[in-house]
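See structure below.
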Amino acid sequence: MLNKEQIFDFLKLFKFLNAQDIYKLSKLAKYRKIKAGEFFVELHSERRKVAYIQRGIMRAYYVKNDGEERTVMFRWEKHTIGAFEILLENKPSSQVIQALEDCKIWEIDYDILQDFLDRHPKFEKARKHMLQSMLVEALKRVETFVVESPEDRYKKLLKEQSEISDRVQDKHIASFLGITPVSLSRIRKRISEKKSS
């Protein structure tokens with residue numbers, strides 16, 4: 001069961017639900033630990049799970065035909081994560097979700113969640129909010145690659161998660177930004193020089 005602090009976090013996430021509503025939803029969740037390097041969703045998985053991250057950081061990535069991994073998302077504390085294709089299109093996942101640190105999560109079976117939401121119409125807004133959030137994030141991700149420079153994308157990432165450089169390997173951050181680790185090093189140097197001047 002979620003504790004008071006976690007329920008409060010969910011209240012901030014779903015502002016239209018009250019503490020009692022969150023408590024009902026929390027009873028569907030199972031507490032789980034995932035070690036660094038383990039997978040929450042594997043390639044071609046049909047694992048219909050959603051997780052709320054209590055502690056730790058995960059990344060979602062695609063594997064290109066040549067074997068190169070392309071990171072598309074990071075998720076850390078107080079965020080939810082799941083494989084979009086499985087949840088929204090009922091297709092096997094073409095992305096992988098992996099723990100980068102030892103993680104503590106609250107996991108919900110998406111089908112059980114859907115059944116709960118179907119039986120409790122007042123939660124329909126929560127379902128729409130969750131799906132809209134997924135769509136908005138995907139669109140924003142595309143937009144940043146069209147209108148922002150890698151340096152701007154990196155600054156935005158630092159604003160969202162200031163400790164990202166300490167918690168995630170440079171190769172994963174560079175992949176997320178669509179650049180090489182060498183280019184990431186240059187960006188950091190430029191930012192450092194601007195701060196010191």
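Chains: A, B, ... in order of the structure tokens. Residues: from 1 per chain. Ligands: from 1, in order shown.
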
- Message: List as a PyMOL selection string the protein and nucleic acid residues near segment 93-95 of chain A, meaning an atom at most 10 Å away when only C-alpha atoms are counted, but skip any in the same chain fewer than 5 places from it.
- Response: chain A and resi 41-48+60-63+69-72+82-87

At a cut-off of 10 Å, can you tabulate as a tab-separated table every residue of segment 141-169 of chain A near segment 73-79 of chain A together with its closest atom pair and the distance in Å to one decimal, using only C-alpha atoms and ordering rows by chain then number?
```
residue	atom	partner	partner_atom	distance
A:Arg141	CA	A:Met73	CA	8.9
A:Leu157	CA	A:Phe74	CA	9.5
A:Gln161	CA	A:Trp76	CA	8.4
A:Ile164	CA	A:Phe74	CA	9.4
A:Val168	CA	A:Phe74	CA	9.4
```

request  = Within segment 37-173 of chain A, find each residue whose DSSP state, derived from the backbone, is alpha helix (DSSP H), and express the selection as a VMD selection string.
outcome  = chain A and resid 84 110 to 119 124 to 147 150 to 160 164 to 167 170 to 173

Convert the current residue selection to file output with C-alpha atoms, as a short mmCIF file (atom, residue, chain, number, x, y, z; two decimals), in the first residue's frame.
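Listing of part03.cif after writing:
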```cif
data_model
loop_
_atom_site.label_atom_id
_atom_site.label_comp_id
_atom_site.auth_asym_id
_atom_site.auth_seq_id
_atom_site.Cartn_x
_atom_site.Cartn_y
_atom_site.Cartn_z
CA PHE A 84 3.30 2.62 -25.03
CA TYR A 110 -2.83 -2.54 -16.86
CA ASP A 111 -5.75 -4.91 -17.55
CA ILE A 112 -6.70 -4.94 -13.87
CA LEU A 113 -6.42 -1.15 -13.86
CA GLN A 114 -8.61 -0.90 -16.96
CA ASP A 115 -11.23 -3.18 -15.40
CA PHE A 116 -11.19 -1.07 -12.24
CA LEU A 117 -11.64 2.12 -14.27
CA ASP A 118 -14.48 0.56 -16.26
CA ARG A 119 -16.28 -0.36 -13.03
CA GLU A 124 -12.47 7.92 -16.36
CA LYS A 125 -10.78 11.30 -16.12
CA ALA A 126 -7.68 9.59 -14.67
CA ARG A 127 -7.55 7.21 -17.64
CA LYS A 128 -7.83 10.08 -20.14
CA HIS A 129 -5.22 12.08 -18.24
CA MET A 130 -2.76 9.19 -18.35
CA LEU A 131 -3.24 8.55 -22.08
CA GLN A 132 -3.09 12.26 -22.92
CA SER A 133 0.11 12.61 -20.92
CA MET A 134 1.69 9.79 -22.94
CA LEU A 135 0.64 11.41 -26.22
CA VAL A 136 1.76 14.92 -25.20
CA GLU A 137 5.16 13.64 -24.13
CA ALA A 138 5.67 11.78 -27.41
CA LEU A 139 4.76 14.93 -29.39
CA LYS A 140 7.07 17.10 -27.26
CA ARG A 141 9.90 14.67 -27.85
CA VAL A 142 9.46 15.02 -31.63
CA GLU A 143 9.14 18.80 -31.34
CA THR A 144 12.40 19.19 -29.41
CA PHE A 145 14.33 17.41 -32.16
CA VAL A 146 12.80 19.72 -34.77
CA VAL A 147 13.20 23.11 -33.06
CA PRO A 150 21.28 19.38 -28.63
CA GLU A 151 22.62 21.91 -26.12
CA ASP A 152 19.12 23.24 -25.46
CA ARG A 153 17.82 19.69 -25.04
CA TYR A 154 20.61 18.95 -22.58
CA LYS A 155 19.87 22.09 -20.54
CA LYS A 156 16.21 21.13 -20.42
CA LEU A 157 17.13 17.64 -19.21
CA LEU A 158 19.33 19.15 -16.47
CA LYS A 159 16.47 21.40 -15.42
CA GLU A 160 14.17 18.39 -15.06
CA ILE A 164 21.20 13.10 -14.34
CA SER A 165 24.96 13.23 -15.09
CA ASP A 166 25.74 11.51 -11.77
CA ARG A 167 23.06 8.85 -12.18
CA ASP A 170 27.18 9.57 -20.69
CA LYS A 171 26.50 7.16 -23.56
CA HIS A 172 22.83 6.94 -22.57
CA ILE A 173 22.48 10.71 -22.15
#
```

Smallest atom-to-atom distance to Ile187 of chain A: which of A:Ser149, A:Ser175, A:Gly67, A:Glu89, using only C-alpha atoms?
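Checking each candidate against Ile187 of chain A, we get A:Ser149 as the closest.
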
In Å to one decimal, how far is atom CA of Gln169 of chain A from atom CA of Lys194 of chain A?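 These two atoms are separated by 23.8 Å.
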
Residues of chain A classed as strand (DSSP E) by DSSP on the backbone are to be reported as a short mmCIF file (atom, residue, chain, number, x, y, z; two decimals) with C-alpha atoms, in the first residue's frame.
```
data_model
loop_
_atom_site.label_atom_id
_atom_site.label_comp_id
_atom_site.auth_asym_id
_atom_site.auth_seq_id
_atom_site.Cartn_x
_atom_site.Cartn_y
_atom_site.Cartn_z
CA LYS A 30 2.25 -4.34 -5.94
CA TYR A 31 5.56 -3.26 -4.47
CA ARG A 32 8.60 -4.51 -6.38
CA LYS A 33 12.37 -4.09 -6.42
CA ILE A 34 14.31 -4.15 -9.69
CA PHE A 39 14.43 -5.10 -17.43
CA PHE A 40 10.96 -3.84 -16.62
CA VAL A 41 9.91 -4.51 -20.25
CA LYS A 49 2.30 -3.31 -16.68
CA VAL A 50 2.49 0.29 -15.51
CA ALA A 51 4.85 1.35 -12.75
CA TYR A 52 5.15 4.31 -10.41
CA ILE A 53 8.82 4.81 -9.53
CA GLN A 54 9.36 5.35 -5.82
CA ARG A 55 13.15 5.21 -6.03
CA MET A 58 14.88 3.81 -15.73
CA ARG A 59 15.40 4.33 -19.42
CA ALA A 60 13.37 3.29 -22.44
CA TYR A 61 15.25 2.56 -25.65
CA TYR A 62 14.96 1.07 -29.12
CA VAL A 63 17.48 -1.30 -30.70
CA GLU A 69 20.61 1.35 -28.76
CA ARG A 70 18.74 4.66 -29.03
CA THR A 71 17.48 6.02 -25.71
CA VAL A 72 14.13 7.81 -26.00
CA MET A 73 13.08 8.34 -22.39
CA PHE A 74 14.30 8.57 -18.82
CA ARG A 75 12.01 8.16 -15.83
CA THR A 80 5.08 6.54 -14.11
CA ILE A 81 6.40 4.32 -16.89
CA GLN A 95 11.14 -0.74 -27.02
CA VAL A 96 12.99 -1.94 -23.95
CA ILE A 97 12.65 -0.48 -20.46
CA GLN A 98 15.63 -1.04 -18.18
CA ALA A 99 16.54 -0.04 -14.63
CA CYS A 103 14.67 0.69 -8.31
CA LYS A 104 11.72 0.48 -5.95
CA ILE A 105 8.44 0.60 -7.83
CA TRP A 106 4.70 0.17 -7.41
CA GLU A 107 3.50 -1.97 -10.30
CA ILE A 108 -0.06 -2.23 -11.60
CA ASP A 109 -1.35 -4.75 -14.12
#
```

- Item | Straight-line distance linking atom CA of Ser162 of chain A with atom CA of Gly56 of chain A, stated in Å to one decimal |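 Atom-to-atom, atom CA of Ser162 of chain A and atom CA of Gly56 of chain A are spaced 14.2 Å apart.
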